[in-house]
$ cat coords.cif   # mmCIF, C-alpha atoms and all ligand atoms
data_final
loop_
_atom_site.label_atom_id
_atom_site.label_comp_id
_atom_site.auth_asym_id
_atom_site.auth_seq_id
_atom_site.Cartn_x
_atom_site.Cartn_y
_atom_site.Cartn_z
CA MET A 248 6.49 59.95 60.66
CA THR A 249 4.75 56.92 62.19
CA PHE A 250 2.63 54.44 60.27
CA ALA A 251 0.09 52.26 62.03
CA GLU A 252 0.94 49.58 59.50
CA ILE A 253 3.26 49.31 56.52
CA ASP A 254 5.09 46.55 54.62
CA SER A 255 8.56 47.50 55.84
CA THR A 256 10.00 50.83 56.97
CA ASN A 257 13.18 50.07 54.99
CA GLU A 258 11.17 49.49 51.83
CA TYR A 259 9.20 52.69 52.43
CA LEU A 260 12.35 54.83 52.58
CA LYS A 261 13.75 53.07 49.51
CA ARG A 262 10.58 53.92 47.57
CA GLU A 263 10.53 57.53 48.77
CA VAL A 264 14.26 58.20 48.66
CA ASP A 265 14.00 61.05 46.16
CA GLU A 266 11.27 62.85 48.06
CA LEU A 267 12.58 62.66 51.60
CA PRO A 268 15.43 64.65 53.14
CA GLU A 269 18.60 63.52 54.90
CA GLY A 270 17.91 62.13 58.34
CA SER A 271 14.24 61.23 57.74
CA VAL A 272 13.00 58.72 60.27
CA VAL A 273 10.00 56.52 59.70
CA ARG A 274 8.48 54.27 62.30
CA ALA A 275 5.81 51.57 62.02
CA LEU A 276 3.72 50.05 64.76
CA HIS A 277 3.23 46.98 62.57
CA GLN A 278 5.09 45.66 59.56
CA THR A 279 3.46 43.17 57.24
CA ALA A 280 6.74 42.26 55.50
CA GLY A 281 9.50 43.10 58.00
CA LYS A 282 12.87 41.97 56.69
CA GLY A 283 16.14 40.78 58.10
CA ARG A 284 19.32 40.27 56.11
CA LEU A 285 19.71 37.79 53.25
CA GLY A 286 15.97 37.46 52.66
CA ARG A 287 15.24 36.53 56.27
CA LYS A 288 12.09 37.65 58.02
CA TRP A 289 11.81 40.06 60.97
CA GLU A 290 9.05 38.90 63.27
CA ASP A 291 6.71 41.68 64.35
CA ASP A 292 5.96 40.91 67.97
CA LYS A 293 3.18 43.53 67.97
CA ASP A 294 4.71 45.72 70.61
CA SER A 295 8.16 46.64 69.47
CA LEU A 296 10.11 49.57 68.09
CA MET A 297 10.65 49.31 64.35
CA PHE A 298 12.03 52.20 62.39
CA SER A 299 14.36 53.24 59.59
CA LEU A 300 16.62 56.21 59.06
CA LEU A 301 17.60 57.70 55.69
CA LEU A 302 21.17 58.84 55.02
CA LYS A 303 21.86 60.64 51.76
CA GLU A 304 24.69 63.05 52.42
CA ASN A 305 28.41 62.63 53.09
CA LEU A 306 28.32 58.95 52.16
CA ASP A 307 31.68 57.24 52.00
CA PRO A 308 31.38 53.78 50.37
CA ASN A 309 34.63 52.71 52.04
CA ARG A 310 33.18 53.31 55.49
CA VAL A 311 29.67 51.92 55.00
CA SER A 312 30.44 48.60 56.68
CA LEU A 313 31.14 50.49 59.93
CA LEU A 314 27.57 51.79 60.14
CA PRO A 315 25.89 48.62 61.48
CA LEU A 316 28.64 48.51 64.12
CA LEU A 317 28.04 52.16 65.01
CA THR A 318 24.30 51.50 65.20
CA GLY A 319 24.89 48.57 67.55
CA VAL A 320 26.92 50.86 69.80
CA VAL A 321 24.16 53.49 69.69
CA LEU A 322 21.65 50.83 70.75
CA TYR A 323 23.98 49.76 73.54
CA GLU A 324 24.10 53.38 74.77
CA THR A 325 20.33 53.78 74.39
CA LEU A 326 19.64 50.74 76.54
CA GLU A 327 22.25 51.78 79.10
CA ASP A 328 20.06 54.89 79.64
CA TYR A 329 17.48 52.40 80.95
CA LYS A 330 20.11 50.54 83.00
CA ILE A 331 19.91 47.58 80.63
CA SER A 332 23.30 46.03 79.85
CA THR A 333 23.57 44.42 76.47
CA LYS A 334 26.30 42.70 74.49
CA LEU A 335 27.01 43.41 70.86
CA LYS A 336 27.17 40.46 68.55
CA TRP A 337 29.33 41.44 65.58
CA PRO A 338 28.32 42.71 63.13
CA ASN A 339 24.68 43.59 63.76
CA ASP A 340 22.79 42.04 66.66
CA VAL A 341 22.17 43.27 70.17
CA ILE A 342 22.07 40.53 72.77
CA LEU A 343 20.41 40.59 76.14
CA ASN A 344 20.99 37.64 78.47
CA ASP A 345 22.19 35.47 75.57
CA LYS A 346 19.19 36.19 73.37
CA LYS A 347 18.65 38.64 70.54
CA CYS A 348 16.57 41.68 71.46
CA CYS A 349 17.42 43.79 68.48
CA GLY A 350 18.50 43.50 64.85
CA ILE A 351 19.95 45.99 62.39
CA LEU A 352 19.52 46.02 58.62
CA LEU A 353 21.57 48.41 56.49
CA GLU A 354 20.65 48.67 52.82
CA GLY A 355 22.27 50.73 50.11
CA ILE A 356 20.54 52.34 47.13
CA SER A 357 22.75 52.93 44.14
CA GLU A 358 22.36 54.91 40.97
CA GLY A 359 24.63 53.45 38.34
CA SER A 360 27.89 52.84 40.15
CA LYS A 361 27.27 55.60 42.67
CA LEU A 362 25.97 55.05 46.19
CA LYS A 363 22.94 57.30 46.38
CA ALA A 364 21.55 56.63 49.84
CA LEU A 365 21.60 54.28 52.80
CA VAL A 366 18.62 53.02 54.74
CA LEU A 367 19.32 51.93 58.27
CA GLY A 368 16.59 49.80 59.81
CA VAL A 369 16.28 48.82 63.45
CA GLY A 370 13.93 46.38 65.13
CA LEU A 371 14.01 46.41 68.94
CA ASN A 372 11.76 44.07 70.91
CA LEU A 373 10.26 46.16 73.66
CA ASN A 374 7.18 44.74 75.32
CA ALA A 375 6.57 41.31 73.80
CA GLU A 376 5.44 38.75 76.34
CA LYS A 377 6.26 35.79 74.13
CA PHE A 378 7.68 34.85 70.76
CA PRO A 379 6.72 32.23 68.17
CA THR A 380 7.99 28.77 69.13
CA GLU A 381 10.84 28.78 66.62
CA LEU A 382 12.25 32.00 68.12
CA GLN A 383 11.69 31.28 71.78
CA ASN A 384 15.23 30.08 72.43
CA LYS A 385 16.92 32.90 70.59
CA ALA A 386 14.76 36.01 70.85
CA THR A 387 13.83 38.15 73.81
CA SER A 388 12.27 41.51 74.61
CA LEU A 389 13.16 44.17 77.16
CA TYR A 390 9.95 43.29 78.99
CA LEU A 391 10.82 39.60 79.28
CA GLU A 392 14.20 40.44 80.79
CA THR A 393 13.29 43.38 83.03
CA HIS A 394 9.54 42.97 83.68
CA LYS A 395 8.97 46.59 82.77
CA LYS A 396 7.12 48.10 79.83
CA TYR A 397 8.79 50.65 77.55
CA ASP A 398 7.50 53.59 75.53
CA GLY A 399 8.64 53.30 71.90
CA ARG A 400 8.65 57.03 71.18
CA GLU A 401 10.82 57.72 74.21
CA VAL A 402 13.28 54.92 73.37
CA LEU A 403 13.46 56.24 69.80
CA ASP A 404 14.29 59.75 71.07
CA HIS A 405 17.13 58.33 73.17
CA PHE A 406 18.36 56.39 70.15
CA LEU A 407 18.32 59.48 67.90
CA ALA A 408 20.19 61.62 70.43
CA HIS A 409 22.95 58.99 70.73
CA PHE A 410 22.99 58.45 66.98
CA ASP A 411 23.49 62.18 66.28
CA LYS A 412 26.44 62.27 68.65
CA GLU A 413 28.17 59.13 67.36
CA TYR A 414 27.39 59.76 63.69
CA SER A 415 28.96 63.25 63.85
CA LYS A 416 32.12 61.62 65.18
CA TYR A 417 31.99 58.97 62.45
CA LEU A 418 31.73 61.68 59.77
CA GLU A 419 34.92 63.21 61.17
CA LYS A 420 36.57 59.80 60.99
CA ASP A 421 36.66 59.50 64.76
CA ASP A 422 35.81 55.83 65.30
CA SER A 423 36.11 55.87 69.09
CA TYR A 424 32.60 54.33 69.32
CA LEU A 425 34.29 51.07 68.32
CA ASP A 426 35.82 50.91 71.81
CA ILE A 427 32.34 50.22 73.17
CA LEU A 428 31.92 47.37 70.69
CA LYS A 429 35.33 45.96 71.66
CA ASN A 430 34.50 46.15 75.36
CA HIS A 431 31.05 44.60 75.09
CA SER A 432 31.54 42.10 72.33
CA TYR A 433 29.39 38.97 72.66
CA LEU A 434 31.54 36.75 70.47
CA ASP A 435 34.85 37.05 72.33
CA HIS A 436 36.35 33.64 73.20
CA LYS A 437 33.56 31.82 71.39
CA LYS A 438 34.14 29.21 68.70
CA VAL A 439 32.27 30.11 65.57
CA LEU A 440 31.53 28.81 62.12
CA LEU A 441 32.07 31.51 59.55
CA ASN A 442 31.10 31.65 55.93
CA TYR A 443 34.17 33.00 54.17
CA TYR A 444 33.46 33.65 50.49
CA GLY A 445 31.04 30.71 50.44
CA GLU A 446 33.30 28.35 52.37
CA GLY A 447 32.84 27.17 55.96
CA LYS A 448 35.62 28.26 58.31
CA GLU A 449 35.85 27.26 61.96
CA ALA A 450 37.58 29.74 64.18
CA GLU A 451 37.91 31.10 67.68
CA VAL A 452 37.06 34.76 68.16
CA LEU A 453 39.84 36.77 69.76
CA GLY A 454 38.13 40.16 69.67
CA ILE A 455 37.39 43.15 67.48
CA ASP A 456 40.17 45.33 66.09
CA ARG A 457 40.39 49.11 65.79
CA GLN A 458 38.79 49.03 62.36
CA GLY A 459 35.81 47.03 63.59
CA ARG A 460 37.04 43.77 62.04
CA LEU A 461 36.54 40.42 63.72
CA LEU A 462 39.84 38.97 64.95
CA VAL A 463 39.89 35.21 64.71
CA LYS A 464 42.29 32.31 65.14
CA ASP A 465 41.68 29.31 62.89
CA LYS A 466 42.30 25.64 63.73
CA ASP A 467 45.92 25.86 62.57
CA GLY A 468 46.54 28.78 64.90
CA LYS A 469 46.59 31.33 62.09
CA GLU A 470 45.20 34.70 63.09
CA SER A 471 43.29 37.01 60.78
CA ALA A 472 41.12 40.12 60.81
CA LEU A 473 37.88 39.76 58.84
CA SER A 474 35.55 42.52 57.74
CA ALA A 475 31.77 42.18 57.70
CA GLY A 476 31.87 42.46 53.91
CA GLU A 477 33.92 39.29 53.45
CA VAL A 478 32.56 37.01 56.11
CA THR A 479 29.22 36.12 57.69
CA LEU A 480 28.66 34.35 60.96
CA GLU A 481 26.90 31.00 60.48
CA SER A 482 26.75 29.79 64.06
CA ILE A 483 28.39 29.66 67.44
CA TYR A 484 29.34 26.10 68.27
CA SER A 485 30.92 26.40 71.65
CA HIS A 486 31.72 28.90 74.38
C1 LIG B 1 18.19 41.37 61.39
O1 LIG B 1 18.37 40.48 60.37
O2 LIG B 1 18.34 41.13 62.55
C2 LIG B 1 17.73 42.75 60.95
C3 LIG B 1 16.35 43.08 61.43
C4 LIG B 1 15.93 44.47 61.04
C5 LIG B 1 14.48 44.71 61.31
C6 LIG B 1 14.10 46.15 61.07
S1 LIG B 1 12.51 46.52 61.62
C7 LIG B 1 12.54 48.04 60.84
C8 LIG B 1 13.21 47.82 59.49
N1 LIG B 1 12.25 47.41 58.50
C9 LIG B 1 12.48 46.16 58.06
O3 LIG B 1 11.80 45.54 57.20
N2 LIG B 1 13.56 45.64 58.69
C10 LIG B 1 14.14 46.61 59.61
P1 LIG B 1 19.10 39.08 60.52
O4 LIG B 1 20.43 39.27 61.17
O5 LIG B 1 19.04 38.48 59.16
O6 LIG B 1 18.20 38.30 61.52
C11 LIG B 1 16.97 37.74 61.14
C12 LIG B 1 16.76 36.54 62.05
O7 LIG B 1 16.51 36.98 63.38
C13 LIG B 1 15.56 35.71 61.64
O8 LIG B 1 15.89 34.74 60.70
C14 LIG B 1 15.14 35.09 62.99
O9 LIG B 1 15.93 33.96 63.29
C15 LIG B 1 15.51 36.17 63.99
N3 LIG B 1 14.38 37.05 64.30
C16 LIG B 1 13.31 37.37 63.53
N4 LIG B 1 12.52 38.22 64.16
C17 LIG B 1 13.06 38.44 65.37
C18 LIG B 1 12.69 39.24 66.50
N5 LIG B 1 11.59 40.00 66.53
N6 LIG B 1 13.52 39.23 67.57
C19 LIG B 1 14.65 38.49 67.59
N7 LIG B 1 15.04 37.72 66.57
C20 LIG B 1 14.26 37.70 65.47
#
$ encode --input "coords.cif" --output "structure tokens"
Amino acid sequence: MTFAEIDSTNEYLKREVDELPEGSVVRALHQTAGKGRLGRKWEDDKDSLMFSLLLKENLDPNRVSLLPLLTGVVLYETLEDYKISTKLKWPNDVILNDKKCCGILLEGISEGSKLKALVLGVGLNLNAEKFPTELQNKATSLYLETHKKYDGREVLDHFLAHFDKEYSKYLEKDDSYLDILKNHSYLDHKKVLLNYYGEGKEAEVLGIDRQGRLLVKDKDGKESALSAGEVTLESIYSH
């Protein structure tokens, strides 16, 4: 289903969760209220791929935090089909030549204490020729990096084929897709400022572990493995 314009494809699936089946995909050519995480805004560059996917079956609350990582890997594979090499910035950005070309937003819908559904939203900048001033240093599109134009429907089909393959593995608890994240991780060797339960924590990123956690070394040399649920990345302060 493709809308010419809608508020947000994530919000649409959340509203229609009871009516729509497992695996429903909704795309919008324009979003009037595109969202990022933590109340942030997703800028609609007018020529990008924006869609959401509904997951209702076989949900395992203990493995939900792996899904943005899996989606990043699926986007990596999708763009490799076009010979575009990206890096994955844990936990949910896709980076092309040091700028963000794609963001992922996973939202849960609960009923009482039960997880009822997940909505997985993806925004991928395809053909934008420029971005608003405040994003110019950190956002990019496939067009700006490769000087080619891309067909959204075709890119979405590539995405869905890779997603089916990797998600079936995930459901069987085969997390081998994490190897791709480990091998193409953007944050490795960078010094970062993390928000750890509301407190600032400076650390150096060592890598990603087999459970998809960020491995860091703090200023005292102490190493730890942090999951996306307990820590958010505030900034990168040196390479
Ligand atoms: C994300 O949030 O990156 C998740 C974006 C998900 C967007 C999709 S589009 C389809 C579906 N429907 C929705 O309403 N949302 C999803 P976050 O990590 O919080 O990053 C947001 C930040 O990225 C903003 O604060 C900006 O700094 C930057 N940003 C905004 N628009 C951008 C764009 N088009 N390209 C690159 N960076 C952008």
$ atom_distance --input "coords.cif" --atom1 "CA of Leu314 in chain A" --atom2 "atom O3 of ligand LIG 1 (chain B)"
17.2 Å
$ closest_residue --input "coords.cif" --among "A:Leu453, A:Ala475, A:Leu335, A:Leu403" --to "Leu373 in chain A" --atoms "only C-alpha atoms"
A:Leu403
$ residues_near_ligand --input "coords.cif" --ligand "ligand LIG 1 (chain B)" --cutoff "7 Å" --atoms "all atoms listed in the file" --output "PDB file with C-alpha atoms, keeping the file's coordinate frame"
ATOM      1  CA  SER A 255       8.560  47.500  55.840  1.00  0.00           C
ATOM      2  CA  THR A 256      10.000  50.830  56.970  1.00  0.00           C
ATOM      3  CA  ASN A 257      13.180  50.070  54.990  1.00  0.00           C
ATOM      4  CA  GLU A 258      11.170  49.490  51.830  1.00  0.00           C
ATOM      5  CA  ALA A 280       6.740  42.260  55.500  1.00  0.00           C
ATOM      6  CA  GLY A 281       9.500  43.100  58.000  1.00  0.00           C
ATOM      7  CA  LYS A 282      12.870  41.970  56.690  1.00  0.00           C
ATOM      8  CA  GLY A 283      16.140  40.780  58.100  1.00  0.00           C
ATOM      9  CA  ARG A 284      19.320  40.270  56.110  1.00  0.00           C
ATOM     10  CA  LEU A 285      19.710  37.790  53.250  1.00  0.00           C
ATOM     11  CA  ARG A 287      15.240  36.530  56.270  1.00  0.00           C
ATOM     12  CA  LYS A 288      12.090  37.650  58.020  1.00  0.00           C
ATOM     13  CA  TRP A 289      11.810  40.060  60.970  1.00  0.00           C
ATOM     14  CA  GLU A 290       9.050  38.900  63.270  1.00  0.00           C
ATOM     15  CA  ASP A 291       6.710  41.680  64.350  1.00  0.00           C
ATOM     16  CA  ASP A 292       5.960  40.910  67.970  1.00  0.00           C
ATOM     17  CA  MET A 297      10.650  49.310  64.350  1.00  0.00           C
ATOM     18  CA  PHE A 298      12.030  52.200  62.390  1.00  0.00           C
ATOM     19  CA  SER A 299      14.360  53.240  59.590  1.00  0.00           C
ATOM     20  CA  ASN A 339      24.680  43.590  63.760  1.00  0.00           C
ATOM     21  CA  ASP A 340      22.790  42.040  66.660  1.00  0.00           C
ATOM     22  CA  LYS A 347      18.650  38.640  70.540  1.00  0.00           C
ATOM     23  CA  CYS A 348      16.570  41.680  71.460  1.00  0.00           C
ATOM     24  CA  CYS A 349      17.420  43.790  68.480  1.00  0.00           C
ATOM     25  CA  GLY A 350      18.500  43.500  64.850  1.00  0.00           C
ATOM     26  CA  ILE A 351      19.950  45.990  62.390  1.00  0.00           C
ATOM     27  CA  LEU A 352      19.520  46.020  58.620  1.00  0.00           C
ATOM     28  CA  GLY A 368      16.590  49.800  59.810  1.00  0.00           C
ATOM     29  CA  VAL A 369      16.280  48.820  63.450  1.00  0.00           C
ATOM     30  CA  GLY A 370      13.930  46.380  65.130  1.00  0.00           C
ATOM     31  CA  ASN A 372      11.760  44.070  70.910  1.00  0.00           C
ATOM     32  CA  LEU A 382      12.250  32.000  68.120  1.00  0.00           C
ATOM     33  CA  LYS A 385      16.920  32.900  70.590  1.00  0.00           C
ATOM     34  CA  ALA A 386      14.760  36.010  70.850  1.00  0.00           C
ATOM     35  CA  THR A 387      13.830  38.150  73.810  1.00  0.00           C
TER      36      THR A 387
END
$ closest_residue --input "coords.cif" --among "A:Glu304, A:Asp456, A:Asp426, A:Glu263" --to "Gly319 in chain A" --atoms "only C-alpha atoms"
A:Asp426
$ closest_residue --input "coords.cif" --among "A:Gly359, A:Gly286, A:Gly459, A:Pro268" --to "Leu317 in chain A" --atoms "all atoms listed in the file"
A:Gly459
$ closest_residue --input "coords.cif" --among "A:Phe378, A:Phe250, A:Tyr484, A:Tyr323" --to "Glu413 in chain A" --atoms "all atoms listed in the file"
A:Tyr323
$ residues_around --input "coords.cif" --residues "Asn430 in chain A" --least-positions-apart "4" --cutoff "12 Å" --atoms "only C-alpha atoms" --output "list in words"
Val320, Tyr323, Thr333, Lys334, Leu335, Lys336, Ser423, Tyr424, Leu425, Asp426, Leu434, Asp435, Gly454, Ile455, Asp456, Arg457 and Gly459 of chain A
$ residues_around --input "coords.cif" --residues "Val478 in chain A" --least-positions-apart "3" --cutoff "8 Å" --atoms "only C-alpha atoms" --output "list in words"
Leu441, Asn442, Tyr443, Tyr444, Leu473, Ser474 and Ala475 of chain A
$ atom_distance --input "coords.cif" --atom1 "CA of Arg310 in chain A" --atom2 "CA of Lys469 in chain A"
26.6 Å
$ atom_distance --input "coords.cif" --atom1 "CA of Tyr390 in chain A" --atom2 "CA of Ile483 in chain A"
25.7 Å
$ residues_near_point --input "coords.cif" --point "(35.5, 26.7, 70.6)" --cutoff "12 Å" --atoms "all atoms listed in the file" --output "list in words"
Leu434, Asp435, His436, Lys437, Lys438, Val439, Leu440, Glu449, Ala450, Glu451, Val452, Leu453, Val463, Lys464, Asp465, Lys466, Ser482, Ile483, Tyr484, Ser485 and His486 of chain A
$ closest_residue --input "coords.cif" --among "A:Tyr397, A:Tyr417, A:Trp337, A:Tyr259" --to "Lys429 in chain A" --atoms "all atoms listed in the file"
A:Trp337
$ closest_residue --input "coords.cif" --among "A:Val272, A:Val311, A:Asn344, A:Glu477" --to "Ser332 in chain A" --atoms "only C-alpha atoms"
A:Asn344
